[in-house]
>>> print(open('run.cif').read())   # mmCIF, C-alpha atoms and all ligand atoms
data_entry
loop_
_atom_site.label_atom_id
_atom_site.label_comp_id
_atom_site.auth_asym_id
_atom_site.auth_seq_id
_atom_site.Cartn_x
_atom_site.Cartn_y
_atom_site.Cartn_z
CA MET A 1 -177.04 111.60 -110.25
CA THR A 2 -176.56 110.39 -106.71
CA ALA A 3 -173.23 111.24 -105.12
CA ARG A 4 -170.76 108.39 -105.05
CA PRO A 5 -168.46 107.71 -102.09
CA PHE A 6 -165.07 109.42 -102.12
CA ARG A 7 -163.39 106.00 -102.28
CA GLU A 8 -165.65 103.26 -103.52
CA ALA A 9 -165.48 99.52 -104.07
CA ARG A 10 -168.64 98.89 -105.99
CA ILE A 11 -169.66 95.26 -106.05
CA ASP A 12 -171.93 94.09 -108.84
CA LEU A 13 -174.00 91.37 -107.20
CA GLY A 14 -175.42 90.63 -110.64
CA ALA A 15 -171.92 89.59 -111.68
CA ILE A 16 -171.60 87.38 -108.57
CA ALA A 17 -174.95 85.77 -109.42
CA HIS A 18 -173.89 85.27 -113.04
CA ASN A 19 -170.57 83.71 -111.99
CA VAL A 20 -172.21 81.31 -109.54
CA ARG A 21 -174.76 80.20 -112.13
CA GLU A 22 -172.06 79.84 -114.79
CA LEU A 23 -169.78 77.84 -112.50
CA LYS A 24 -172.71 75.66 -111.40
CA ARG A 25 -173.47 75.02 -115.07
CA GLN A 26 -169.85 74.09 -115.84
CA MET A 27 -169.68 71.77 -112.80
CA GLY A 28 -172.82 69.82 -113.72
CA ASP A 29 -173.84 67.58 -110.80
CA THR A 30 -170.88 68.53 -108.62
CA LEU A 31 -171.90 70.65 -105.62
CA VAL A 32 -170.47 74.17 -105.45
CA MET A 33 -169.19 75.70 -102.22
CA VAL A 34 -168.77 79.47 -102.53
CA VAL A 35 -165.80 80.63 -100.48
CA VAL A 36 -166.37 83.97 -98.73
CA LYS A 37 -163.37 84.01 -96.38
CA SER A 38 -161.39 87.19 -95.68
CA ARG A 39 -164.45 89.47 -96.05
CA GLY A 40 -165.43 87.76 -99.27
CA TYR A 41 -162.01 88.39 -100.87
CA GLY A 42 -162.52 92.06 -100.00
CA HIS A 43 -165.97 92.17 -101.63
CA GLY A 44 -168.01 91.77 -98.40
CA ALA A 45 -168.87 88.31 -97.08
CA VAL A 46 -172.56 88.67 -96.25
CA PRO A 47 -173.77 90.39 -99.46
CA VAL A 48 -171.73 87.99 -101.61
CA ALA A 49 -172.97 84.97 -99.64
CA ARG A 50 -176.61 86.09 -100.03
CA ALA A 51 -176.25 86.62 -103.77
CA ALA A 52 -174.44 83.29 -104.12
CA VAL A 53 -177.07 81.35 -102.19
CA GLU A 54 -179.86 82.94 -104.23
CA SER A 55 -178.02 81.84 -107.36
CA GLY A 56 -177.68 78.23 -106.31
CA ALA A 57 -174.57 77.92 -104.12
CA ASP A 58 -174.88 74.63 -102.25
CA TRP A 59 -172.37 75.42 -99.53
CA LEU A 60 -170.44 78.38 -98.16
CA GLY A 61 -166.81 78.20 -97.08
CA VAL A 62 -164.88 80.35 -94.63
CA VAL A 63 -161.65 80.09 -92.70
CA GLU A 64 -162.72 81.11 -89.20
CA ILE A 65 -165.67 80.08 -87.10
CA THR A 66 -166.22 83.79 -86.37
CA GLU A 67 -166.70 84.32 -90.11
CA ALA A 68 -169.22 81.49 -90.21
CA LEU A 69 -171.09 82.90 -87.20
CA GLU A 70 -171.31 86.25 -88.99
CA LEU A 71 -173.15 84.52 -91.84
CA ARG A 72 -175.50 82.81 -89.37
CA ALA A 73 -176.14 86.14 -87.59
CA ALA A 74 -177.15 87.57 -90.98
CA GLY A 75 -179.79 84.85 -91.24
CA ILE A 76 -177.99 82.68 -93.78
CA THR A 77 -178.85 79.03 -93.10
CA THR A 78 -176.90 77.39 -95.96
CA PRO A 79 -174.38 74.73 -94.87
CA VAL A 80 -171.06 76.35 -93.95
CA LEU A 81 -167.61 74.84 -93.51
CA ALA A 82 -164.88 76.62 -91.45
CA TRP A 83 -161.38 75.17 -91.56
CA LEU A 84 -158.65 77.06 -89.69
CA HIS A 85 -158.95 77.38 -85.95
CA ASP A 86 -157.34 79.03 -82.96
CA PRO A 87 -155.54 76.22 -81.09
CA GLY A 88 -157.42 77.30 -77.96
CA ALA A 89 -160.82 77.47 -79.65
CA ALA A 90 -163.87 76.03 -77.96
CA PHE A 91 -166.17 74.65 -80.61
CA ASP A 92 -169.51 74.90 -78.77
CA GLU A 93 -170.64 77.98 -80.67
CA ALA A 94 -169.80 76.35 -83.99
CA VAL A 95 -171.81 73.26 -83.08
CA ALA A 96 -174.72 75.39 -81.84
CA GLY A 97 -174.57 77.38 -85.09
CA ASN A 98 -174.67 74.21 -87.19
CA ILE A 99 -171.30 75.00 -88.73
CA ASP A 100 -169.27 72.17 -90.19
CA ILE A 101 -165.82 72.10 -88.66
CA GLY A 102 -162.78 71.27 -90.75
CA VAL A 103 -160.45 69.24 -88.54
CA SER A 104 -156.77 68.78 -89.32
CA TYR A 105 -155.16 66.95 -86.38
CA LEU A 106 -155.89 64.54 -83.58
CA GLU A 107 -155.93 66.94 -80.65
CA GLN A 108 -158.26 69.25 -82.56
CA LEU A 109 -160.53 66.29 -83.22
CA ASP A 110 -160.68 65.58 -79.48
CA ARG A 111 -161.50 69.23 -78.74
CA VAL A 112 -164.31 69.23 -81.29
CA ALA A 113 -165.64 65.98 -79.81
CA ALA A 114 -165.61 67.62 -76.37
CA ALA A 115 -167.93 70.43 -77.48
CA SER A 116 -171.54 70.17 -76.34
CA GLY A 117 -173.80 68.56 -78.94
CA THR A 118 -172.87 66.46 -81.94
CA ALA A 119 -170.35 68.28 -84.14
CA ASN A 120 -170.46 67.98 -87.91
CA VAL A 121 -166.88 67.31 -88.84
CA GLN A 122 -165.02 67.28 -92.14
CA LEU A 123 -161.63 65.63 -91.78
CA LYS A 124 -158.83 67.31 -93.70
CA VAL A 125 -155.95 65.28 -95.06
CA ASP A 126 -152.73 66.64 -96.51
CA THR A 127 -152.18 65.01 -99.89
CA GLY A 128 -149.12 67.04 -100.83
CA LEU A 129 -149.63 70.75 -100.18
CA GLY A 130 -147.74 70.65 -96.91
CA ARG A 131 -150.13 73.04 -95.25
CA ASN A 132 -153.08 72.15 -93.02
CA GLY A 133 -154.47 68.61 -92.80
CA ALA A 134 -153.27 65.32 -91.32
CA ALA A 135 -150.06 63.93 -92.82
CA ASP A 136 -150.49 60.45 -94.32
CA SER A 137 -148.48 58.84 -91.51
CA GLU A 138 -151.19 60.15 -89.17
CA TRP A 139 -154.20 58.96 -91.17
CA PRO A 140 -154.74 55.58 -89.44
CA GLU A 141 -154.86 57.05 -85.94
CA PHE A 142 -156.79 60.13 -87.12
CA PHE A 143 -159.53 58.03 -88.75
CA ASP A 144 -159.58 55.53 -85.88
CA ARG A 145 -160.18 58.28 -83.33
CA ALA A 146 -162.88 59.78 -85.55
CA VAL A 147 -164.67 56.42 -85.58
CA THR A 148 -164.46 56.25 -81.78
CA HIS A 149 -165.94 59.73 -81.39
CA GLU A 150 -168.58 59.06 -84.00
CA ARG A 151 -169.70 55.83 -82.32
CA ALA A 152 -169.96 57.74 -79.03
CA GLY A 153 -172.26 60.26 -80.73
CA ARG A 154 -169.86 63.13 -80.17
CA ILE A 155 -169.23 63.89 -83.83
CA ARG A 156 -170.63 63.07 -87.24
CA VAL A 157 -167.98 62.79 -89.96
CA ARG A 158 -169.77 64.40 -92.90
CA GLY A 159 -166.84 65.03 -95.15
CA LEU A 160 -163.30 64.16 -96.06
CA TRP A 161 -161.26 66.71 -97.93
CA SER A 162 -157.91 68.02 -99.09
CA HIS A 163 -156.42 70.91 -101.08
CA LEU A 164 -154.36 71.01 -104.28
CA ALA A 165 -150.96 72.67 -104.63
CA ASN A 166 -151.51 73.61 -108.32
CA ALA A 167 -147.91 72.57 -108.89
CA GLY A 168 -148.57 71.10 -112.33
CA GLU A 169 -150.76 68.43 -113.89
CA LEU A 170 -148.62 65.50 -112.76
CA GLN A 171 -148.44 66.73 -109.17
CA ASP A 172 -152.16 67.46 -109.08
CA LEU A 173 -152.96 63.94 -110.27
CA GLU A 174 -150.58 62.50 -107.66
CA GLN A 175 -152.56 64.39 -105.06
CA VAL A 176 -155.81 63.02 -106.47
CA ALA A 177 -154.35 59.50 -106.14
CA ALA A 178 -153.27 60.20 -102.55
CA PHE A 179 -156.75 61.51 -101.77
CA ARG A 180 -158.24 58.28 -103.16
CA ARG A 181 -156.00 56.32 -100.76
CA ALA A 182 -157.24 58.45 -97.87
CA ILE A 183 -160.85 57.82 -98.90
CA GLU A 184 -160.27 54.06 -99.03
CA LEU A 185 -158.58 54.04 -95.65
CA ALA A 186 -161.31 56.20 -94.07
CA LYS A 187 -164.00 53.88 -95.39
CA SER A 188 -162.20 50.71 -94.32
CA THR A 189 -161.77 52.23 -90.85
CA GLY A 190 -165.55 52.59 -90.65
CA LEU A 191 -166.21 56.19 -91.66
CA LYS A 192 -168.91 57.09 -94.19
CA PRO A 193 -168.14 60.63 -95.35
CA GLU A 194 -170.86 61.85 -97.75
CA ILE A 195 -168.91 64.77 -99.14
CA LEU A 196 -165.47 64.33 -100.67
CA HIS A 197 -163.69 67.39 -102.00
CA MET A 198 -160.29 68.81 -102.90
CA ALA A 199 -160.61 71.31 -105.77
CA ALA A 200 -160.62 75.13 -105.55
CA THR A 201 -161.25 77.30 -108.64
CA ALA A 202 -158.17 76.15 -110.57
CA GLY A 203 -158.72 72.44 -109.93
CA ALA A 204 -162.45 72.70 -110.59
CA LEU A 205 -161.84 74.25 -114.01
CA ARG A 206 -158.75 72.36 -115.17
CA VAL A 207 -158.50 69.07 -113.24
CA PRO A 208 -161.86 67.30 -113.60
CA GLN A 209 -160.50 64.26 -111.69
CA SER A 210 -160.22 66.49 -108.62
CA ARG A 211 -163.89 67.48 -108.51
CA PHE A 212 -165.31 64.55 -106.51
CA ASP A 213 -168.62 65.58 -104.82
CA LEU A 214 -168.00 69.28 -104.35
CA VAL A 215 -165.70 72.10 -105.48
CA ARG A 216 -164.74 75.03 -103.27
CA ILE A 217 -164.77 78.11 -105.44
CA GLY A 218 -163.51 81.48 -104.28
CA LEU A 219 -161.72 83.50 -106.94
CA GLY A 220 -163.97 82.42 -109.81
CA VAL A 221 -167.09 83.59 -107.98
CA TYR A 222 -165.62 87.10 -107.89
CA GLY A 223 -165.15 86.84 -111.63
CA LEU A 224 -161.37 86.54 -111.59
CA SER A 225 -159.16 83.98 -113.30
CA PRO A 226 -156.60 81.87 -111.42
CA PHE A 227 -154.74 81.20 -114.68
CA ASP A 228 -152.04 83.24 -116.45
CA ASP A 229 -153.26 81.98 -119.81
CA ALA A 230 -157.00 82.65 -119.48
CA THR A 231 -158.90 85.86 -118.78
CA SER A 232 -162.15 86.16 -116.85
CA ALA A 233 -164.04 86.39 -120.15
CA ASP A 234 -162.29 83.24 -121.44
CA LEU A 235 -163.76 81.40 -118.45
CA GLY A 236 -167.23 82.90 -118.94
CA LEU A 237 -166.86 85.03 -115.79
CA ARG A 238 -167.43 88.71 -115.02
CA PRO A 239 -165.29 90.65 -112.50
CA ALA A 240 -167.62 91.90 -109.78
CA LEU A 241 -165.48 94.64 -108.30
CA GLU A 242 -164.98 98.20 -109.46
CA LEU A 243 -162.54 100.25 -107.41
CA SER A 244 -162.68 103.99 -107.95
CA ALA A 245 -162.24 107.32 -106.21
CA ALA A 246 -163.11 110.94 -106.86
CA ILE A 247 -160.17 113.04 -108.08
CA ALA A 248 -159.38 115.17 -105.03
CA SER A 249 -157.39 117.96 -106.71
CA VAL A 250 -156.12 119.02 -110.13
CA LYS A 251 -153.44 121.61 -110.79
CA ARG A 252 -151.19 122.86 -113.59
CA MET A 253 -147.48 122.34 -113.03
CA PRO A 254 -144.44 123.39 -115.07
CA ALA A 255 -142.07 121.05 -116.90
CA GLY A 256 -139.50 119.40 -114.64
CA SER A 257 -141.67 119.30 -111.52
CA GLY A 258 -140.85 116.46 -109.12
CA VAL A 259 -143.86 114.33 -108.21
CA SER A 260 -144.38 112.52 -104.90
CA TYR A 261 -141.74 111.27 -102.43
CA GLY A 262 -138.22 110.92 -103.75
CA TYR A 263 -139.05 112.51 -107.13
CA ASP A 264 -139.18 109.15 -108.91
CA TYR A 265 -141.24 110.99 -111.53
CA ARG A 266 -140.71 114.38 -113.12
CA THR A 267 -143.10 116.12 -115.51
CA ALA A 268 -141.80 116.18 -119.07
CA ALA A 269 -143.70 119.34 -120.04
CA GLU A 270 -146.21 121.72 -118.52
CA THR A 271 -149.03 119.47 -117.48
CA SER A 272 -151.98 118.82 -115.16
CA LEU A 273 -151.51 116.60 -112.11
CA ALA A 274 -154.59 114.87 -110.73
CA LEU A 275 -154.63 113.54 -107.18
CA VAL A 276 -156.27 110.14 -106.49
CA PRO A 277 -157.14 109.63 -102.80
CA LEU A 278 -156.12 105.98 -102.57
CA GLY A 279 -152.79 104.74 -101.21
CA TYR A 280 -151.12 101.77 -99.63
CA GLY A 281 -153.19 102.41 -96.50
CA ASP A 282 -156.13 101.38 -98.67
CA GLY A 283 -154.33 98.39 -100.15
CA VAL A 284 -152.99 100.03 -103.33
CA PRO A 285 -149.56 98.40 -103.63
CA ARG A 286 -146.60 100.73 -103.27
CA HIS A 287 -144.76 98.35 -105.59
CA ALA A 288 -147.03 99.66 -108.36
CA SER A 289 -145.43 103.12 -108.10
CA ASN A 290 -144.91 104.59 -111.59
CA ARG A 291 -146.75 101.61 -113.09
CA GLY A 292 -150.29 101.01 -111.75
CA PRO A 293 -152.98 101.67 -114.40
CA VAL A 294 -155.85 104.14 -113.92
CA SER A 295 -158.75 105.08 -116.16
CA ILE A 296 -160.18 108.62 -115.98
CA ASN A 297 -163.04 109.67 -118.26
CA GLY A 298 -162.36 106.64 -120.46
CA ARG A 299 -158.65 107.42 -120.92
CA SER A 300 -155.81 105.24 -119.61
CA TYR A 301 -153.01 106.59 -117.44
CA ARG A 302 -150.40 105.30 -115.02
CA VAL A 303 -149.47 106.26 -111.49
CA ALA A 304 -146.88 109.07 -111.60
CA GLY A 305 -144.21 108.66 -108.91
CA ARG A 306 -144.59 106.78 -105.68
CA VAL A 307 -147.84 105.55 -104.20
CA ALA A 308 -148.11 107.14 -100.74
CA MET A 309 -150.14 105.96 -97.77
CA ASP A 310 -153.28 107.87 -98.70
CA GLN A 311 -152.87 109.05 -102.26
CA PHE A 312 -151.07 108.99 -105.56
CA VAL A 313 -150.73 111.34 -108.52
CA VAL A 314 -151.66 110.90 -112.17
CA ASP A 315 -150.10 113.07 -114.91
CA VAL A 316 -153.04 113.76 -117.21
CA GLY A 317 -151.22 116.12 -119.59
CA ASP A 318 -153.60 118.59 -121.23
CA ASP A 319 -156.64 116.34 -120.91
CA ASP A 320 -159.78 117.82 -119.43
CA VAL A 321 -159.82 116.24 -115.98
CA LYS A 322 -161.73 117.99 -113.20
CA ILE A 323 -161.94 117.68 -109.44
CA GLY A 324 -164.63 115.09 -108.72
CA ASP A 325 -164.11 113.05 -111.91
CA ARG A 326 -163.83 109.33 -111.18
CA ALA A 327 -160.49 107.54 -111.33
CA VAL A 328 -161.09 103.84 -111.90
CA LEU A 329 -158.27 101.57 -110.74
CA ILE A 330 -159.96 98.19 -111.12
CA GLY A 331 -162.91 97.21 -113.27
CA ASP A 332 -163.92 94.86 -116.03
CA PRO A 333 -161.20 94.68 -118.71
CA ALA A 334 -163.91 93.61 -121.15
CA ALA A 335 -165.28 97.16 -120.69
CA GLY A 336 -161.82 98.71 -121.23
CA MET A 337 -161.04 99.22 -117.55
CA PRO A 338 -157.79 98.27 -115.85
CA SER A 339 -158.03 94.88 -114.16
CA ALA A 340 -156.99 93.32 -110.87
CA GLU A 341 -154.56 91.30 -113.03
CA ASP A 342 -153.00 94.53 -114.39
CA TRP A 343 -152.37 95.74 -110.84
CA ALA A 344 -150.99 92.33 -109.90
CA ALA A 345 -148.57 92.48 -112.85
CA ALA A 346 -147.59 96.06 -111.92
CA SER A 347 -146.72 95.03 -108.39
CA GLY A 348 -145.41 91.48 -108.67
CA THR A 349 -148.31 89.70 -107.05
CA ILE A 350 -151.57 87.89 -107.92
CA ASN A 351 -155.11 89.13 -108.43
CA TYR A 352 -156.17 87.33 -105.21
CA GLU A 353 -153.96 89.65 -103.17
CA ILE A 354 -154.98 92.82 -105.01
CA VAL A 355 -158.70 92.46 -104.22
CA THR A 356 -158.33 90.92 -100.76
CA ARG A 357 -156.04 93.63 -99.42
CA LEU A 358 -158.45 96.54 -100.10
CA GLY A 359 -158.83 98.36 -96.82
CA GLY A 360 -161.56 99.55 -94.53
CA ARG A 361 -161.46 103.21 -95.61
CA ILE A 362 -162.92 102.21 -98.96
CA GLU A 363 -166.70 102.25 -98.85
CA ARG A 364 -168.33 99.10 -100.23
CA THR A 365 -171.50 99.68 -102.22
CA TYR A 366 -173.64 97.04 -103.90
CA ILE A 367 -175.59 97.06 -107.11
CA ALA A 368 -177.90 94.30 -108.26
C1 LIG A 401 -159.30 79.94 -100.27
C2 LIG A 401 -159.58 78.50 -100.38
C3 LIG A 401 -160.35 77.99 -101.43
C4 LIG A 401 -160.79 78.83 -102.61
O1 LIG A 401 -159.70 79.03 -103.46
P1 LIG A 401 -159.86 79.77 -104.87
O2 LIG A 401 -158.57 79.50 -105.55
O3 LIG A 401 -160.07 81.20 -104.54
O4 LIG A 401 -161.02 79.17 -105.54
C5 LIG A 401 -160.66 76.66 -101.42
N1 LIG A 401 -160.24 75.85 -100.43
C6 LIG A 401 -159.47 76.30 -99.41
C7 LIG A 401 -159.03 75.34 -98.36
C8 LIG A 401 -159.11 77.62 -99.35
O5 LIG A 401 -158.35 78.06 -98.34
#
>>> encode(input="run.cif", output="structure tokens")
Amino acid sequence: MTARPFREARIDLGAIAHNVRELKRQMGDTLVMVVVKSRGYGHGAVPVARAAVESGADWLGVVEITEALELRAAGITTPVLAWLHDPGAAFDEAVAGNIDIGVSYLEQLDRVAAASGTANVQLKVDTGLGRNGAADSEWPEFFDRAVTHERAGRIRVRGLWSHLANAGELQDLEQVAAFRRAIELAKSTGLKPEILHMAATAGALRVPQSRFDLVRIGLGVYGLSPFDDATSADLGLRPALELSAAIASVKRMPAGSGVSYGYDYRTAAETSLALVPLGYGDGVPRHASNRGPVSINGRSYRVAGRVAMDQFVVDVGDDDVKIGDRAVLIGDPAAGMPSAEDWAAASGTINYEIVTRLGGRIERTYIA
């Protein structure tokens, strides 16, 4: 047996590959962009991107141009879209790296046009999320300016896109209708965007009208469900991440012993306390104190007392738990392990946040 890292996030690239193939199958002819922003939702952008491309991903999506350049530096040549930029950003490197630039407002459009070379641009319109993207009052001028820059050879408008608020079926369909108005206006202004898109995982799976030419899938690629009423397995997906650590100490303690800061937990009887070397410094939510689920040697436990910066305690009773045994915090619930959703429920957040927040002290390892 090869030694495993003290704290390990083990990424099953076979699961990533399976999820990409499964999502491609469900999407039929619609192109699939695999979103690897924020270090691939904590899973590692480059390894995930490579596995995704090998499994048929048509596009990659990131937030920052620096993230896109990291993929290029790793030799990945798949089309990449980056969509949130420093207001002072110069776009020359993005153009040189053949990175599509998501553009959300007029001044940004002018800056992109000023970069050397012809920039591939995807214009973002706000259809009701209230976040990034041009507001509909700005569309005429936004599209007009894009035509001017395109005719001057400074940009090529490859795509037009938006993002759903997932506020309910009616609201989603209103956004689809608004996006159709934007498409009509862009075309009548003289633009010919080849790629129209607005759906992320939730829209791709539940709002077929929002699929257009391409869907931008993040969460689903990692094998997680964006829905409260459907598990990963229900969607045909496999969670790719297993978060575990070696038990760092075990000791017998008498009944009534206070555990961790503030004594929010006291032992009910003489018992063994096992120490797990993961804390909020690693992204384990402190809100999950006394609640977060852990599996050790196939048995389920909960965090005892408060999660500290570097560690938390598990009361394992009289069970045979030894120093060096693995404590699994997140795995595949289909295999009986606690899930990212369990930790989200224990700490009042969503699975997206649980996996993305995992910190740099946790060693990422990859299995095929
Ligand atoms: C993060 C993100 C996505 C992917 O969202 P998921 O819900 O993880 O699929 C898609 N589009 C944009 C603009 C995003 O920021």
>>> residues_around(input="run.cif", residues="A:Thr271", least_positions_apart="6", cutoff="6 Å", atoms="all atoms listed in the file", output="NGL selection string")
:A and (252-253 or 317-318)
>>> closest_atom_pairs(input="run.cif", of="chain A", to="ligand LIG 401 (chain A)", cutoff="7 Å", atoms="only C-alpha atoms and all ligand atoms", output="CSV")
residue,atom,partner,partner_atom,distance
A:Val35,CA,A:LIG401,C4,5.7
A:Lys37,CA,A:LIG401,C1,6.9
A:Val63,CA,A:LIG401,O5,6.8
A:His163,CA,A:LIG401,C7,5.8
A:Ala199,CA,A:LIG401,C5,6.9
A:Ala200,CA,A:LIG401,O4,4.1
A:Thr201,CA,A:LIG401,O4,3.6
A:Ala202,CA,A:LIG401,O2,6.0
A:Arg216,CA,A:LIG401,C5,4.8
A:Ile217,CA,A:LIG401,O4,3.9
A:Gly218,CA,A:LIG401,O3,3.5
A:Leu219,CA,A:LIG401,O3,3.7
A:Gly220,CA,A:LIG401,O4,6.1
A:Pro226,CA,A:LIG401,O2,6.6
>>> closest_atom_pairs(input="run.cif", of="stretch 243-310 of chain A", to="stretch 38-56 of chain A", cutoff="12 Å", atoms="all atoms listed in the file", output="JSON lines")
{"residue": "A:Leu243", "atom": "CA", "partner": "A:His43", "partner_atom": "CA", "distance": 10.5}
{"residue": "A:Asp282", "atom": "CA", "partner": "A:Gly42", "partner_atom": "CA", "distance": 11.4}
{"residue": "A:Gly283", "atom": "CA", "partner": "A:Gly42", "partner_atom": "CA", "distance": 10.4}
>>> axis_aligned_box(input="run.cif", around="stretch 231-247 of chain A", padding_each_side="8 Å", output="AutoDock Vina command-line options")
--center_x -163.3 --center_y 97.2 --center_z -113.8 --size_x 24.7 --size_y 47.6 --size_z 31.2
>>> residues_near_point(input="run.cif", point="(-136.3, 107.6, -109.8)", cutoff="12 Å", atoms="only C-alpha atoms", output="number ranges by chain")
A: 258-266, 289-290, 304-306
>>> write_last_selection(input="run.cif", atoms="C-alpha atoms", output="PDB file, in the coordinates of the input")
ATOM      1  CA  GLY A 258    -140.850 116.460-109.120  1.00  0.00           C
ATOM      2  CA  VAL A 259    -143.860 114.330-108.210  1.00  0.00           C
ATOM      3  CA  SER A 260    -144.380 112.520-104.900  1.00  0.00           C
ATOM      4  CA  TYR A 261    -141.740 111.270-102.430  1.00  0.00           C
ATOM      5  CA  GLY A 262    -138.220 110.920-103.750  1.00  0.00           C
ATOM      6  CA  TYR A 263    -139.050 112.510-107.130  1.00  0.00           C
ATOM      7  CA  ASP A 264    -139.180 109.150-108.910  1.00  0.00           C
ATOM      8  CA  TYR A 265    -141.240 110.990-111.530  1.00  0.00           C
ATOM      9  CA  ARG A 266    -140.710 114.380-113.120  1.00  0.00           C
ATOM     10  CA  SER A 289    -145.430 103.120-108.100  1.00  0.00           C
ATOM     11  CA  ASN A 290    -144.910 104.590-111.590  1.00  0.00           C
ATOM     12  CA  ALA A 304    -146.880 109.070-111.600  1.00  0.00           C
ATOM     13  CA  GLY A 305    -144.210 108.660-108.910  1.00  0.00           C
ATOM     14  CA  ARG A 306    -144.590 106.780-105.680  1.00  0.00           C
TER      15      ARG A 306
END
>>> residues_near_point(input="run.cif", point="(-155.1, 60.4, -82.6)", cutoff="12 Å", atoms="only C-alpha atoms", output="list in words")
Val103, Ser104, Tyr105, Leu106, Glu107, Gln108, Leu109, Asp110, Arg111, Ala134, Ala135, Ser137, Glu138, Trp139, Pro140, Glu141, Phe142, Phe143, Asp144, Arg145, Ala146, Val147, Thr148 and His149 of chain A
>>> atom_distance(input="run.cif", atom1="atom CA of A:Arg7", atom2="atom CA of A:Tyr280")
13.2 Å
>>> residues_around(input="run.cif", residues="A:Ala345", least_positions_apart="4", cutoff="10 Å", atoms="only C-alpha atoms", output="ChimeraX atom specification")
/A:288,291-292,339-341,349-351
>>> atom_distance(input="run.cif", atom1="atom CA of A:Phe212", atom2="atom CA of A:Thr30")
7.2 Å
>>> atom_distance(input="run.cif", atom1="atom CA of A:Arg151", atom2="atom CA of A:Gly117")
13.8 Å
>>> residues_around(input="run.cif", residues="A:Val294", least_positions_apart="2", cutoff="7 Å", atoms="all atoms listed in the file", output="PyMOL selection string")
chain A and resi 292+296+300-302+327-329+338
>>> closest_residue(input="run.cif", among="A:Val207, A:Ala94, A:Leu84, A:Ala268", to="A:Glu174", atoms="only C-alpha atoms")
A:Val207
>>> residues_around(input="run.cif", residues="A:Arg211", least_positions_apart="5", cutoff="10 Å", atoms="only C-alpha atoms", output="PyMOL selection string")
chain A and resi 27+30-32+176+196-200+203-206+216
>>> closest_residue(input="run.cif", among="A:Lys124, A:Arg156, A:Arg357, A:Arg181", to="A:Pro285", atoms="only C-alpha atoms")
A:Arg357
>>> closest_residue(input="run.cif", among="A:Ser116, A:Ser295, A:Asn19, A:Thr66", to="A:Gly236", atoms="all atoms listed in the file")
A:Asn19
>>> residues_around(input="run.cif", residues="A:Arg361", least_positions_apart="4", cutoff="12 Å", atoms="only C-alpha atoms", output="PyMOL selection string")
chain A and resi 5-9+245+277-284+309-310+357
>>> decode(input="run.cif", residues="stretch 252-261 of chain A", atoms="N, CA, C and O atoms", output="JSON list (two decimals), in the first residue's frame")
[["chain", "number", "residue", "atom", "x", "y", "z"],
["A", 252, "ARG", "N", -8.18, 7.69, 24.92],
["A", 252, "ARG", "CA", -9.33, 7.38, 25.78],
["A", 252, "ARG", "C", -9.56, 8.56, 26.72],
["A", 252, "ARG", "O", -8.60, 9.13, 27.27],
["A", 253, "MET", "N", -10.81, 8.91, 26.90],
["A", 253, "MET", "CA", -11.16, 10.03, 27.78],
["A", 253, "MET", "C", -12.33, 9.61, 28.67],
["A", 253, "MET", "O", -13.20, 8.86, 28.24],
["A", 254, "PRO", "N", -12.38, 10.14, 29.88],
["A", 254, "PRO", "CA", -13.48, 9.77, 30.79],
["A", 254, "PRO", "C", -14.80, 10.46, 30.41],
["A", 254, "PRO", "O", -14.80, 11.42, 29.64],
["A", 255, "ALA", "N", -15.89, 9.96, 30.98],
["A", 255, "ALA", "CA", -17.19, 10.60, 30.80],
["A", 255, "ALA", "C", -17.13, 12.05, 31.26],
["A", 255, "ALA", "O", -16.40, 12.37, 32.21],
["A", 256, "GLY", "N", -17.86, 12.91, 30.60],
["A", 256, "GLY", "CA", -17.94, 14.31, 31.02],
["A", 256, "GLY", "C", -16.80, 15.19, 30.55],
["A", 256, "GLY", "O", -16.71, 16.35, 30.97],
["A", 257, "SER", "N", -15.93, 14.66, 29.69],
["A", 257, "SER", "CA", -14.82, 15.49, 29.19],
["A", 257, "SER", "C", -15.34, 16.52, 28.18],
["A", 257, "SER", "O", -16.10, 16.18, 27.28],
["A", 258, "GLY", "N", -14.91, 17.77, 28.36],
["A", 258, "GLY", "CA", -15.23, 18.81, 27.37],
["A", 258, "GLY", "C", -14.38, 18.62, 26.14],
["A", 258, "GLY", "O", -13.21, 18.25, 26.23],
["A", 259, "VAL", "N", -14.96, 18.85, 24.97],
["A", 259, "VAL", "CA", -14.25, 18.64, 23.70],
["A", 259, "VAL", "C", -14.24, 19.92, 22.87],
["A", 259, "VAL", "O", -15.29, 20.47, 22.57],
["A", 260, "SER", "N", -13.06, 20.37, 22.55],
["A", 260, "SER", "CA", -12.80, 21.52, 21.67],
["A", 260, "SER", "C", -13.26, 22.83, 22.32],
["A", 260, "SER", "O", -13.86, 22.84, 23.40],
["A", 261, "TYR", "N", -12.97, 23.95, 21.65],
["A", 261, "TYR", "CA", -13.23, 25.28, 22.22],
["A", 261, "TYR", "C", -14.66, 25.44, 22.72],
["A", 261, "TYR", "O", -15.61, 25.08, 22.03]]
